[in-house]
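J.: Next comes entry28.cif, mmCIF, C-alpha atoms:
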data_my_file
#
loop_
_atom_site.label_atom_id
_atom_site.label_comp_id
_atom_site.auth_asym_id
_atom_site.auth_seq_id
_atom_site.Cartn_x
_atom_site.Cartn_y
_atom_site.Cartn_z
CA MET A 1 -25.21 30.96 18.41
CA GLY A 2 -24.39 34.47 17.20
CA GLY A 3 -20.71 33.51 16.87
CA ALA A 4 -21.56 30.42 14.85
CA GLN A 5 -23.74 32.44 12.50
CA LEU A 6 -20.95 35.01 12.11
CA VAL A 7 -18.47 32.27 11.21
CA GLY A 8 -20.98 30.77 8.78
CA ARG A 9 -21.46 34.12 7.02
CA TRP A 10 -17.68 34.63 6.87
CA VAL A 11 -17.21 31.19 5.32
CA GLU A 12 -19.90 31.86 2.72
CA SER A 13 -18.47 35.25 1.76
CA TYR A 14 -14.84 34.04 1.67
CA THR A 15 -15.32 30.76 -0.23
CA GLY A 16 -18.50 31.45 -2.17
CA MET A 17 -19.94 28.20 -0.77
CA SER A 18 -22.79 27.84 1.67
CA THR A 19 -22.16 26.49 5.15
CA ASP A 20 -24.17 23.35 4.34
CA ASN A 21 -22.16 22.75 1.18
CA ILE A 22 -18.92 23.03 3.14
CA LYS A 23 -20.22 20.55 5.73
CA GLY A 24 -21.17 18.17 2.93
CA LEU A 25 -17.79 18.67 1.28
CA LEU A 26 -15.87 17.89 4.47
CA LEU A 27 -18.00 14.82 5.13
CA ALA A 28 -17.51 13.60 1.54
CA LEU A 29 -13.74 14.11 1.77
CA SER A 30 -13.54 12.28 5.09
CA SER A 31 -15.68 9.50 3.61
CA SER A 32 -13.25 9.08 0.71
CA LEU A 33 -10.32 9.04 3.13
CA PHE A 34 -11.86 6.33 5.34
CA ILE A 35 -13.12 4.20 2.45
CA GLY A 36 -9.86 4.46 0.50
CA ALA A 37 -7.85 3.48 3.58
CA SER A 38 -10.23 0.66 4.45
CA PHE A 39 -9.39 -1.23 1.24
CA ILE A 40 -5.71 -1.28 2.17
CA VAL A 41 -6.27 -2.24 5.80
CA LYS A 42 -8.66 -5.04 4.83
CA LYS A 43 -6.24 -6.30 2.20
CA LYS A 44 -3.42 -6.43 4.74
CA GLY A 45 -5.75 -8.29 7.07
CA LEU A 46 -6.60 -10.77 4.30
CA LYS A 47 -2.90 -11.30 3.64
CA LYS A 48 -2.19 -11.94 7.29
CA ALA A 49 -5.17 -14.28 7.67
CA GLY A 50 -4.31 -16.14 4.46
CA ALA A 51 -0.77 -16.77 5.65
CA SER A 52 -2.04 -18.94 8.49
CA GLY A 53 -5.36 -20.22 7.17
CA VAL A 54 -7.47 -20.75 4.07
CA ARG A 55 -7.54 -17.71 1.80
CA ALA A 56 -10.83 -15.85 1.32
CA GLY A 57 -10.64 -16.25 -2.45
CA VAL A 58 -10.91 -20.03 -2.19
CA GLY A 59 -13.71 -20.06 0.35
CA GLY A 60 -11.86 -19.50 3.63
CA TYR A 61 -13.18 -17.37 6.48
CA SER A 62 -10.10 -17.14 8.67
CA TYR A 63 -10.08 -13.38 8.07
CA LEU A 64 -13.07 -13.13 10.45
CA LEU A 65 -10.64 -13.89 13.27
CA GLU A 66 -8.15 -11.27 12.10
CA PRO A 67 -8.35 -7.92 14.03
CA LEU A 68 -6.72 -6.06 11.13
CA TRP A 69 -9.53 -7.09 8.78
CA TRP A 70 -12.13 -5.92 11.29
CA ALA A 71 -10.27 -2.62 11.62
CA GLY A 72 -10.61 -2.17 7.86
CA MET A 73 -14.31 -3.09 7.98
CA ILE A 74 -14.99 -0.58 10.77
CA THR A 75 -13.07 2.07 8.82
CA MET A 76 -15.26 1.40 5.79
CA ILE A 77 -18.44 1.63 7.88
CA VAL A 78 -17.32 4.99 9.27
CA GLY A 79 -16.66 6.18 5.71
CA GLU A 80 -20.10 5.08 4.53
CA ILE A 81 -21.76 6.84 7.47
CA ALA A 82 -19.87 10.04 6.60
CA ASN A 83 -20.96 9.67 2.97
CA PHE A 84 -24.57 9.16 4.09
CA ALA A 85 -24.40 12.33 6.20
CA ALA A 86 -22.84 14.31 3.34
CA TYR A 87 -25.98 13.86 1.23
CA ALA A 88 -28.03 15.51 3.99
CA PHE A 89 -26.04 18.75 3.63
CA ALA A 90 -24.88 19.01 0.02
CA PRO A 91 -26.39 18.25 -3.41
CA ALA A 92 -25.62 14.90 -5.02
CA ILE A 93 -23.85 16.67 -7.89
CA LEU A 94 -21.20 17.73 -5.34
CA VAL A 95 -21.01 14.61 -3.16
CA THR A 96 -21.16 11.75 -5.67
CA PRO A 97 -18.21 12.68 -7.96
CA LEU A 98 -15.96 13.07 -4.91
CA GLY A 99 -16.15 9.30 -4.49
CA ALA A 100 -13.33 9.16 -7.05
CA LEU A 101 -10.97 10.48 -4.38
CA SER A 102 -11.21 7.16 -2.51
CA ILE A 103 -9.64 5.54 -5.60
CA ILE A 104 -6.71 7.96 -5.36
CA ILE A 105 -6.25 7.38 -1.64
CA SER A 106 -6.38 3.62 -2.14
CA ALA A 107 -3.83 3.76 -4.98
CA VAL A 108 -1.42 5.99 -3.04
CA LEU A 109 -1.63 3.90 0.13
CA ALA A 110 -1.20 0.70 -1.90
CA HIS A 111 1.95 2.23 -3.38
CA ILE A 112 3.29 3.07 0.08
CA MET A 113 2.05 0.20 2.25
CA LEU A 114 1.63 -2.72 -0.15
CA ARG A 115 4.47 -1.83 -2.51
CA GLU A 116 2.13 -1.88 -5.48
CA LYS A 117 3.90 0.50 -7.82
CA LEU A 118 1.89 3.50 -9.04
CA HIS A 119 2.77 4.08 -12.70
CA ILE A 120 3.53 7.60 -13.93
CA PHE A 121 0.24 7.63 -15.88
CA GLY A 122 -1.51 6.51 -12.70
CA ILE A 123 -0.11 9.59 -10.98
CA LEU A 124 -1.44 11.70 -13.85
CA GLY A 125 -4.83 10.04 -13.36
CA CYS A 126 -4.78 11.02 -9.68
CA ILE A 127 -3.97 14.62 -10.60
CA LEU A 128 -6.85 14.71 -13.10
CA CYS A 129 -9.25 13.42 -10.43
CA VAL A 130 -8.13 16.15 -8.01
CA VAL A 131 -8.46 18.88 -10.67
CA GLY A 132 -11.91 17.66 -11.69
CA SER A 133 -13.08 17.39 -8.09
CA THR A 134 -11.84 20.92 -7.34
CA THR A 135 -13.69 22.26 -10.39
CA ILE A 136 -16.97 20.67 -9.29
CA VAL A 137 -16.56 21.83 -5.68
CA LEU A 138 -15.98 25.44 -6.71
CA HIS A 139 -19.04 25.52 -8.99
CA ALA A 140 -21.47 23.23 -7.15
CA PRO A 141 -25.03 24.54 -6.66
CA LEU A 142 -26.31 25.54 -3.26
CA GLU A 143 -28.22 22.90 -1.34
CA ARG A 144 -31.97 23.26 -1.64
CA GLN A 145 -33.55 24.43 1.62
CA ILE A 146 -36.04 21.78 2.73
CA GLU A 147 -38.21 22.06 5.84
CA SER A 148 -39.74 18.58 6.07
CA VAL A 149 -39.57 15.11 4.57
CA ALA A 150 -43.03 15.75 3.12
CA GLU A 151 -41.43 18.39 0.90
CA VAL A 152 -38.93 15.80 -0.36
CA TRP A 153 -41.83 13.45 -1.02
CA ASP A 154 -43.52 16.14 -3.12
CA LEU A 155 -40.34 16.45 -5.19
CA ALA A 156 -40.15 12.66 -5.59
CA THR A 157 -43.76 12.42 -6.78
CA GLU A 158 -43.56 15.11 -9.44
CA PRO A 159 -44.27 13.78 -12.96
CA ALA A 160 -40.69 14.23 -14.23
CA PHE A 161 -39.10 12.14 -11.48
CA LEU A 162 -41.90 9.57 -11.49
CA PHE A 163 -41.24 9.10 -15.21
CA TYR A 164 -37.49 8.71 -14.53
CA ALA A 165 -38.15 6.20 -11.73
CA ALA A 166 -40.55 4.22 -13.93
CA VAL A 167 -37.97 4.05 -16.74
CA VAL A 168 -35.27 2.95 -14.29
CA LEU A 169 -37.44 0.22 -12.76
CA ALA A 170 -38.63 -1.02 -16.17
CA ALA A 171 -35.07 -1.15 -17.51
CA SER A 172 -33.86 -2.91 -14.35
CA PHE A 173 -36.57 -5.58 -14.55
CA VAL A 174 -35.84 -6.19 -18.25
CA LEU A 175 -32.14 -6.57 -17.48
CA ILE A 176 -32.76 -8.87 -14.49
CA PHE A 177 -35.33 -11.20 -16.03
CA HIS A 178 -34.36 -11.17 -19.70
CA PHE A 179 -30.68 -10.26 -20.09
CA VAL A 180 -29.10 -11.66 -16.91
CA PRO A 181 -29.91 -15.34 -17.67
CA GLN A 182 -28.57 -15.06 -21.23
CA TYR A 183 -25.82 -12.46 -21.12
CA GLY A 184 -24.94 -11.85 -17.46
CA GLN A 185 -21.79 -13.97 -17.58
CA THR A 186 -20.53 -12.56 -20.89
CA HIS A 187 -21.57 -8.90 -21.10
CA ILE A 188 -20.26 -6.62 -18.37
CA MET A 189 -22.88 -3.92 -18.99
CA VAL A 190 -25.74 -6.16 -17.81
CA TYR A 191 -24.72 -6.37 -14.14
CA ILE A 192 -23.27 -2.85 -14.06
CA GLY A 193 -26.38 -1.45 -15.72
CA ILE A 194 -28.58 -2.88 -12.96
CA CYS A 195 -26.26 -1.57 -10.24
CA SER A 196 -26.10 1.91 -11.74
CA LEU A 197 -29.81 2.27 -12.46
CA VAL A 198 -30.91 1.06 -9.02
CA GLY A 199 -28.04 2.97 -7.41
CA SER A 200 -29.32 6.31 -8.70
CA LEU A 201 -32.64 5.70 -6.92
CA SER A 202 -30.85 4.55 -3.77
CA VAL A 203 -28.88 7.81 -3.58
CA MET A 204 -32.04 9.89 -3.92
CA SER A 205 -33.64 7.86 -1.12
CA VAL A 206 -30.50 8.10 1.01
CA LYS A 207 -30.52 11.87 0.55
CA ALA A 208 -34.21 12.04 1.52
CA LEU A 209 -33.59 9.89 4.60
CA GLY A 210 -30.52 11.92 5.52
CA ILE A 211 -32.52 15.15 5.34
CA ALA A 212 -35.23 13.59 7.53
CA LEU A 213 -32.66 12.57 10.16
CA LYS A 214 -30.93 15.96 10.04
CA LEU A 215 -34.25 17.73 10.65
CA THR A 216 -35.12 15.24 13.42
CA PHE A 217 -31.84 15.88 15.23
CA SER A 218 -32.43 19.63 14.94
CA GLY A 219 -35.72 19.30 16.83
CA MET A 220 -38.24 18.75 14.03
CA ASN A 221 -39.22 15.11 14.37
CA GLN A 222 -39.66 13.55 10.92
CA LEU A 223 -40.04 9.97 12.14
CA VAL A 224 -43.78 10.52 12.56
CA TYR A 225 -44.19 10.92 8.80
CA PRO A 226 -44.88 7.72 6.84
CA GLN A 227 -42.77 9.11 3.99
CA THR A 228 -39.64 8.70 6.14
CA TRP A 229 -40.27 4.98 6.47
CA VAL A 230 -41.11 4.62 2.77
CA PHE A 231 -37.76 6.17 1.90
CA SER A 232 -36.09 3.82 4.41
CA PHE A 233 -37.67 0.80 2.72
CA VAL A 234 -36.56 2.03 -0.72
CA VAL A 235 -33.00 2.56 0.58
CA ILE A 236 -32.77 -1.00 1.94
CA SER A 237 -34.33 -2.58 -1.16
CA CYS A 238 -32.14 -0.66 -3.59
CA ILE A 239 -28.90 -1.22 -1.69
CA VAL A 240 -29.51 -4.97 -1.36
CA THR A 241 -30.19 -5.22 -5.11
CA GLN A 242 -27.26 -2.99 -5.95
CA MET A 243 -24.78 -4.96 -3.82
CA ASN A 244 -26.04 -8.29 -5.12
CA TYR A 245 -25.36 -7.46 -8.75
CA LEU A 246 -22.17 -5.55 -8.02
CA ASN A 247 -20.78 -8.66 -6.31
CA LYS A 248 -21.78 -10.70 -9.37
CA ALA A 249 -19.96 -8.23 -11.63
CA LEU A 250 -16.82 -8.27 -9.49
CA ASP A 251 -16.88 -12.07 -9.27
CA THR A 252 -17.26 -12.48 -13.04
CA PHE A 253 -15.24 -9.67 -14.61
CA ASN A 254 -11.94 -7.89 -14.08
CA THR A 255 -12.07 -5.39 -11.22
CA ALA A 256 -9.92 -2.94 -13.19
CA VAL A 257 -12.68 -2.83 -15.82
CA VAL A 258 -15.71 -3.02 -13.50
CA SER A 259 -14.65 -0.14 -11.24
CA PRO A 260 -14.29 2.70 -13.78
CA ILE A 261 -17.35 1.64 -15.84
CA TYR A 262 -19.49 1.34 -12.73
CA TYR A 263 -18.23 4.66 -11.37
CA THR A 264 -19.01 6.38 -14.69
CA MET A 265 -22.53 4.99 -15.06
CA PHE A 266 -23.48 5.26 -11.40
CA THR A 267 -22.27 8.85 -11.05
CA SER A 268 -23.83 9.97 -14.35
CA LEU A 269 -27.23 8.49 -13.53
CA THR A 270 -27.10 9.84 -9.95
CA ILE A 271 -26.40 13.36 -11.19
CA LEU A 272 -29.24 13.03 -13.72
CA ALA A 273 -31.63 11.81 -11.02
CA SER A 274 -30.63 14.67 -8.71
CA VAL A 275 -31.06 17.25 -11.47
CA ILE A 276 -34.57 15.92 -12.16
CA MET A 277 -35.71 15.48 -8.55
CA PHE A 278 -34.00 18.35 -6.72
CA LYS A 279 -33.68 20.64 -9.78
CA ASP A 280 -30.03 21.42 -9.01
CA TRP A 281 -29.44 23.20 -12.31
CA ASP A 282 -32.41 25.53 -11.87
CA ARG A 283 -30.28 27.50 -9.42
CA GLN A 284 -27.28 27.80 -11.76
CA ASN A 285 -26.38 29.62 -14.96
CA PRO A 286 -25.21 27.80 -18.13
CA THR A 287 -21.54 28.64 -17.46
CA GLN A 288 -21.62 26.93 -14.06
CA ILE A 289 -23.36 23.86 -15.50
CA VAL A 290 -20.84 23.50 -18.35
CA THR A 291 -17.95 23.97 -15.92
CA GLU A 292 -19.33 21.23 -13.65
CA MET A 293 -19.66 18.87 -16.61
CA CYS A 294 -16.07 19.62 -17.63
CA GLY A 295 -14.97 18.81 -14.08
CA PHE A 296 -16.94 15.57 -14.17
CA VAL A 297 -15.38 14.53 -17.50
CA THR A 298 -11.95 15.32 -16.05
CA ILE A 299 -12.63 13.02 -13.10
CA LEU A 300 -13.80 10.27 -15.45
CA SER A 301 -10.64 10.64 -17.52
CA GLY A 302 -8.45 10.41 -14.42
CA THR A 303 -10.37 7.39 -13.12
CA PHE A 304 -10.03 5.47 -16.38
CA LEU A 305 -6.35 6.36 -16.69
CA LEU A 306 -5.65 5.27 -13.12
CA HIS A 307 -7.35 1.90 -13.58
CA LYS A 308 -5.98 1.30 -17.07
CA THR A 309 -2.39 1.73 -15.93
CA LYS A 310 -2.56 0.05 -12.54
CA ASP A 311 -1.14 -3.21 -13.95
CA MET A 312 1.28 -1.56 -16.36
CA VAL A 313 5.03 -2.11 -16.22
CA ASP A 314 7.37 0.54 -17.59
CA GLY A 315 7.87 -0.25 -21.25
CA LEU A 316 5.13 -2.91 -21.37
CA PRO A 317 1.49 -2.42 -22.34
CA SER A 318 -1.24 -3.28 -19.92
CA ASN A 319 -3.17 -6.43 -20.73
CA LEU A 320 -6.61 -6.28 -19.18
CA PRO A 321 -9.23 -8.61 -20.64
CA ILE A 322 -12.71 -7.95 -19.36
CA ARG A 323 -13.55 -11.51 -18.38
CA LEU A 324 -11.54 -13.20 -15.66
CA PRO A 325 -10.17 -16.55 -16.81
CA LYS A 326 -10.58 -18.15 -13.40
CA HIS A 327 -11.84 -17.27 -9.95
CA ALA A 328 -8.59 -15.99 -8.60
CA ASP A 329 -7.71 -15.28 -5.04
CA GLU A 330 -7.28 -11.58 -4.44
CA ASP A 331 -3.78 -11.36 -3.44
CA GLY A 332 -1.33 -13.54 -4.64
CA TYR A 333 -3.77 -15.21 -5.88
CA ALA A 334 -3.36 -15.44 -9.69
CA ALA A 335 -2.78 -12.17 -11.49
CA GLU A 336 -6.18 -10.64 -12.05
CA GLY A 337 -6.83 -9.81 -15.67
CA ILE A 338 -3.49 -11.31 -16.78
CA PRO A 339 -4.20 -14.86 -17.90
CA LEU A 340 -1.36 -17.34 -17.91
CA ARG A 341 -0.62 -18.67 -21.37
CA SER A 342 0.49 -22.25 -21.87
CA ALA A 343 3.79 -23.35 -23.41
CA ALA A 344 1.75 -24.86 -26.23
CA ASP A 345 0.83 -21.33 -27.25
CA GLY A 346 4.47 -20.43 -27.50
CA ILE A 347 4.57 -18.39 -24.29
CA PRO A 348 5.85 -20.09 -21.15
CA LEU A 349 3.92 -19.94 -17.90
CA ARG A 350 5.09 -17.20 -15.55
CA SER A 351 6.55 -18.21 -12.25
CA PRO A 352 4.64 -17.00 -9.16
CA ARG A 353 7.44 -14.57 -8.41
CA ALA A 354 7.32 -13.11 -11.90
CA THR A 355 3.56 -12.81 -11.72
CA ASP A 356 3.70 -11.02 -8.39
CA SER A 357 6.36 -8.68 -9.73
CA PHE A 358 4.15 -7.88 -12.72
CA ARG A 359 1.12 -7.19 -10.55
CA SER A 360 2.95 -5.06 -8.03
CA SER A 361 3.95 -2.65 -10.73
#
In structure tokens, what does this structure look like?
T.:
Amino acid sequence: MGGAQLVGRWVESYTGMSTDNIKGLLLALSSSLFIGASFIVKKKGLKKAGASGVRAGVGGYSYLLEPLWWAGMITMIVGEIANFAAYAFAPAILVTPLGALSIIISAVLAHIMLREKLHIFGILGCILCVVGSTTIVLHAPLERQIESVAEVWDLATEPAFLFYAAVVLAASFVLIFHFVPQYGQTHIMVYIGICSLVGSLSVMSVKALGIALKLTFSGMNQLVYPQTWVFSFVVISCIVTQMNYLNKALDTFNTAVVSPIYYTMFTSLTILASVIMFKDWDRQNPTQIVTEMCGFVTILSGTFLLHKTKDMVDGLPSNLPIRLPKHADEDGYAAEGIPLRSAADGIPLRSPRATDSFRSS
């Protein structure tokens, strides 16, 4: 134990980060690696299953018999578990923005394994994400020392966070019952707004539950507290709601538009919720806070640039309408976000080979 403490003190003095923050950082990085890779593995599994059966995009389930798809699903589950654990050690302002790294990993692996060309501006977007992530990591606040889940409950029931939670729930209900029936299929911000608002509460509950489990595994049983089970219920409710409307957004609108907007809103609201509930900025000076915000804006810029140029061909502008013209199969499946124009409009239909060539770039 003495050796471990000595190593911990050396790490803190050498890097300027606490041992818990470093654990959270490593878990968040591994989560991004697993999740980013899982998209590619699952896509290869879908390709293989679609070659011999009915594609998933048109209602087929042959991928359930494909080991490669299951390998991708298991990889994603491992990544999500690592992300869950990261919140138990590090503040949300450190963990959440690092989710952008999974986009980079996915883009790089797609370039290598799926031959989906990464445009030069896409590479610049990746670099911006790395720079922004590094900036946030180097200036992230120390994790708040919490001794029991009851202490987390006290933070969650303070007037400031109760007001935030009430605003989030009220806005979510208004969006669900008033705006979804009228504008859900035409305005992208309706579905994404619900996902982001509810998602910020889910992360706070996940962090509370992660802290409870961490303390339980260290010998201080938190499962006897009713607050632990309340947080568990909130986690399940929020995640189910979040996934439901995220699937609706992905099914209705272009993925290249949904992903960066959702990432921006979800991460911004999560950081705001964490600042209110865990008072992350109370332990930092103004210079550190401004630097973190600059790092966050840099990540957002890289994320938008990466998604905006993912369908771009050298010398041709990207054409990414928000609304998908048809329910297209994911892979070879009609070009997502690139509607085919009819000859009557003066532009001939692209051949499947030309379409695939356009998408792969």
J.: Expressed in Å to a single decimal, how great is the separation between atom CA of A:Ser232 and atom CA of A:Leu269?
T.: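 That distance, rounded to one decimal, is 20.5 Å.
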J.: Pull out every residue that the PyMOL selection byres ((chain A and resi 160) around 12) matches in the shown coordinates and put them as a list in words.
T.: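 Evaluating the PyMOL selection byres ((chain A and resi 160) around 12) on these coordinates yields Asp154, Leu155, Ala156, Thr157, Glu158, Pro159, Phe161, Leu162, Phe163, Tyr164, Ala165, Ala166, Val167, Leu272, Ala273, Ser274, Val275, Ile276, Met277, Phe278 and Lys279 of chain A.
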J.: Can you work out which one of A:Ile35, A:Met220, A:Ala86, A:Leu246 has the shortest atom-to-atom distance to A:Met73, counting only C-alpha atoms?
T.: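 So, comparing all the options, the nearest one is A:Ile35.
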J.: Going by the chain IDs and residue numbers used in this file, which residues fall under the PyMOL selection byres ((chain A and resi 88) around 10)? Write them as a ChimeraX atom specification.
T.: /A:20-21,23-24,83-87,89-92,143,206-215
J.: One decimal, Å: what's the distance from atom CA of A:Phe304 over to atom CA of A:Ile127, could you say?
T.: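 Computed distance, atom CA of A:Phe304 to atom CA of A:Ile127, equals 12.4 Å.
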J.: Kindly resolve the PyMOL selection byres ((chain A and resi 123) around 10) on the present coordinates and return the residues as a PDB file with C-alpha atoms, keeping the file's coordinate frame.
T.:
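And here is the file that came out, part-v1.pdb:
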ATOM      1  CA  ILE A 104      -6.710   7.960  -5.360  1.00  0.00           C
ATOM      2  CA  ALA A 107      -3.830   3.760  -4.980  1.00  0.00           C
ATOM      3  CA  VAL A 108      -1.420   5.990  -3.040  1.00  0.00           C
ATOM      4  CA  LEU A 118       1.890   3.500  -9.040  1.00  0.00           C
ATOM      5  CA  HIS A 119       2.770   4.080 -12.700  1.00  0.00           C
ATOM      6  CA  ILE A 120       3.530   7.600 -13.930  1.00  0.00           C
ATOM      7  CA  PHE A 121       0.240   7.630 -15.880  1.00  0.00           C
ATOM      8  CA  GLY A 122      -1.510   6.510 -12.700  1.00  0.00           C
ATOM      9  CA  LEU A 124      -1.440  11.700 -13.850  1.00  0.00           C
ATOM     10  CA  GLY A 125      -4.830  10.040 -13.360  1.00  0.00           C
ATOM     11  CA  CYS A 126      -4.780  11.020  -9.680  1.00  0.00           C
ATOM     12  CA  ILE A 127      -3.970  14.620 -10.600  1.00  0.00           C
ATOM     13  CA  LEU A 128      -6.850  14.710 -13.100  1.00  0.00           C
ATOM     14  CA  CYS A 129      -9.250  13.420 -10.430  1.00  0.00           C
ATOM     15  CA  GLY A 302      -8.450  10.410 -14.420  1.00  0.00           C
ATOM     16  CA  LEU A 305      -6.350   6.360 -16.690  1.00  0.00           C
ATOM     17  CA  LEU A 306      -5.650   5.270 -13.120  1.00  0.00           C
ATOM     18  CA  THR A 309      -2.390   1.730 -15.930  1.00  0.00           C
ATOM     19  CA  LYS A 310      -2.560   0.050 -12.540  1.00  0.00           C
TER      20      LYS A 310
END
J.: Which residues are close to A:Ser200, i.e. within 8 Å by only C-alpha atoms, leaving aside same-chain residues fewer than 2 positions away? Reply as a list in words.
T.: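 Non-adjacent residues within range: Ser196, Leu197, Val198, Ser202, Val203, Met204, Phe266, Thr267, Leu269, Thr270 and Ala273 of chain A.
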J.: If I take atom CA of A:Leu114 and atom CA of A:Leu250, how far is one from the other in Å, to one decimal?
T.: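 Distance between the two atoms: 21.4 Å.
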J.: Need the axis-aligned box for stretch 145-151 of chain A with 3 Å each side, so what are the centre and edges in Å to one decimal, as lines of an AutoDock Vina configuration file?
T.:
center_x = -38.3
center_y = 19.8
center_z = 3.5
size_x = 15.5
size_y = 15.3
size_z = 11.2
J.: Calculated over all atoms listed in the file, which of the candidates A:Ala37, A:Ala71, A:Val230, A:Leu94 has the smallest distance to A:Gly132?
T.: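 Closest residue, counting all atoms listed in the file: A:Leu94.
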J.: Which residue out of A:Ala82, A:Val234, A:Met113, A:Asn244 has the minimum interatomic distance to A:Lys44 when only C-alpha atoms are used?
T.: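 Of A:Ala82, A:Val234, A:Met113, A:Asn244, the one nearest A:Lys44 is A:Met113, counting only C-alpha atoms.
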J.: Looking at A:Gln145, A:Thr252, A:Ser205, A:Thr216, which one is nearest to A:Ile236, with distances taken over all atoms listed in the file?
T.: A:Ser205
J.: Hey, which of A:Lys117, A:Lys248, A:His139, A:Lys48 ends up closest to A:Thr186? Count all atoms listed in the file.
T.: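 Using all atoms listed in the file, A:Thr186 sits closest to A:Lys248.
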J.: Using only C-alpha atoms for the distances, tell me which of A:Ile261, A:Cys294, A:Leu27, A:Ile112 is nearest to A:Val95.
T.: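 Ranked by minimum distance to A:Val95, first place goes to A:Leu27.
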J.: Restore N, CA, C and O atoms in stretch 209-221 of chain A and list the result as a PDB file, in the frame of the given file.
T.:
ATOM      1  N   LEU A 209     -33.667  10.392   3.225  1.00  0.00           N
ATOM      2  CA  LEU A 209     -33.590   9.890   4.600  1.00  0.00           C
ATOM      3  C   LEU A 209     -32.605  10.707   5.425  1.00  0.00           C
ATOM      4  O   LEU A 209     -32.844  10.981   6.610  1.00  0.00           O
ATOM      5  N   GLY A 210     -31.496  11.097   4.809  1.00  0.00           N
ATOM      6  CA  GLY A 210     -30.520  11.920   5.520  1.00  0.00           C
ATOM      7  C   GLY A 210     -31.101  13.269   5.920  1.00  0.00           C
ATOM      8  O   GLY A 210     -30.855  13.764   7.027  1.00  0.00           O
ATOM      9  N   ILE A 211     -31.871  13.879   5.019  1.00  0.00           N
ATOM     10  CA  ILE A 211     -32.520  15.150   5.340  1.00  0.00           C
ATOM     11  C   ILE A 211     -33.508  14.962   6.493  1.00  0.00           C
ATOM     12  O   ILE A 211     -33.594  15.797   7.411  1.00  0.00           O
ATOM     13  N   ALA A 212     -34.263  13.859   6.466  1.00  0.00           N
ATOM     14  CA  ALA A 212     -35.230  13.590   7.530  1.00  0.00           C
ATOM     15  C   ALA A 212     -34.531  13.453   8.883  1.00  0.00           C
ATOM     16  O   ALA A 212     -34.991  13.996   9.897  1.00  0.00           O
ATOM     17  N   LEU A 213     -33.392  12.741   8.900  1.00  0.00           N
ATOM     18  CA  LEU A 213     -32.660  12.570  10.160  1.00  0.00           C
ATOM     19  C   LEU A 213     -32.031  13.881  10.627  1.00  0.00           C
ATOM     20  O   LEU A 213     -32.016  14.184  11.821  1.00  0.00           O
ATOM     21  N   LYS A 214     -31.520  14.666   9.680  1.00  0.00           N
ATOM     22  CA  LYS A 214     -30.930  15.960  10.040  1.00  0.00           C
ATOM     23  C   LYS A 214     -31.986  16.860  10.680  1.00  0.00           C
ATOM     24  O   LYS A 214     -31.728  17.511  11.709  1.00  0.00           O
ATOM     25  N   LEU A 215     -33.172  16.911  10.091  1.00  0.00           N
ATOM     26  CA  LEU A 215     -34.250  17.730  10.650  1.00  0.00           C
ATOM     27  C   LEU A 215     -34.702  17.184  12.007  1.00  0.00           C
ATOM     28  O   LEU A 215     -35.012  17.955  12.932  1.00  0.00           O
ATOM     29  N   THR A 216     -34.726  15.847  12.145  1.00  0.00           N
ATOM     30  CA  THR A 216     -35.120  15.240  13.420  1.00  0.00           C
ATOM     31  C   THR A 216     -34.149  15.612  14.524  1.00  0.00           C
ATOM     32  O   THR A 216     -34.550  15.979  15.631  1.00  0.00           O
ATOM     33  N   PHE A 217     -32.852  15.544  14.229  1.00  0.00           N
ATOM     34  CA  PHE A 217     -31.840  15.880  15.230  1.00  0.00           C
ATOM     35  C   PHE A 217     -31.842  17.366  15.583  1.00  0.00           C
ATOM     36  O   PHE A 217     -31.404  17.768  16.666  1.00  0.00           O
ATOM     37  N   SER A 218     -32.364  18.190  14.667  1.00  0.00           N
ATOM     38  CA  SER A 218     -32.430  19.630  14.940  1.00  0.00           C
ATOM     39  C   SER A 218     -33.692  20.014  15.703  1.00  0.00           C
ATOM     40  O   SER A 218     -33.902  21.187  16.006  1.00  0.00           O
ATOM     41  N   GLY A 219     -34.536  19.034  16.011  1.00  0.00           N
ATOM     42  CA  GLY A 219     -35.720  19.300  16.830  1.00  0.00           C
ATOM     43  C   GLY A 219     -37.039  19.157  16.110  1.00  0.00           C
ATOM     44  O   GLY A 219     -38.097  19.244  16.737  1.00  0.00           O
ATOM     45  N   MET A 220     -37.002  18.924  14.788  1.00  0.00           N
ATOM     46  CA  MET A 220     -38.240  18.750  14.030  1.00  0.00           C
ATOM     47  C   MET A 220     -38.393  17.276  13.676  1.00  0.00           C
ATOM     48  O   MET A 220     -37.820  16.798  12.690  1.00  0.00           O
ATOM     49  N   ASN A 221     -39.120  16.563  14.508  1.00  0.00           N
ATOM     50  CA  ASN A 221     -39.220  15.110  14.370  1.00  0.00           C
ATOM     51  C   ASN A 221     -39.883  14.724  13.042  1.00  0.00           C
ATOM     52  O   ASN A 221     -41.037  15.056  12.781  1.00  0.00           O
TER      53      ASN A 221
END
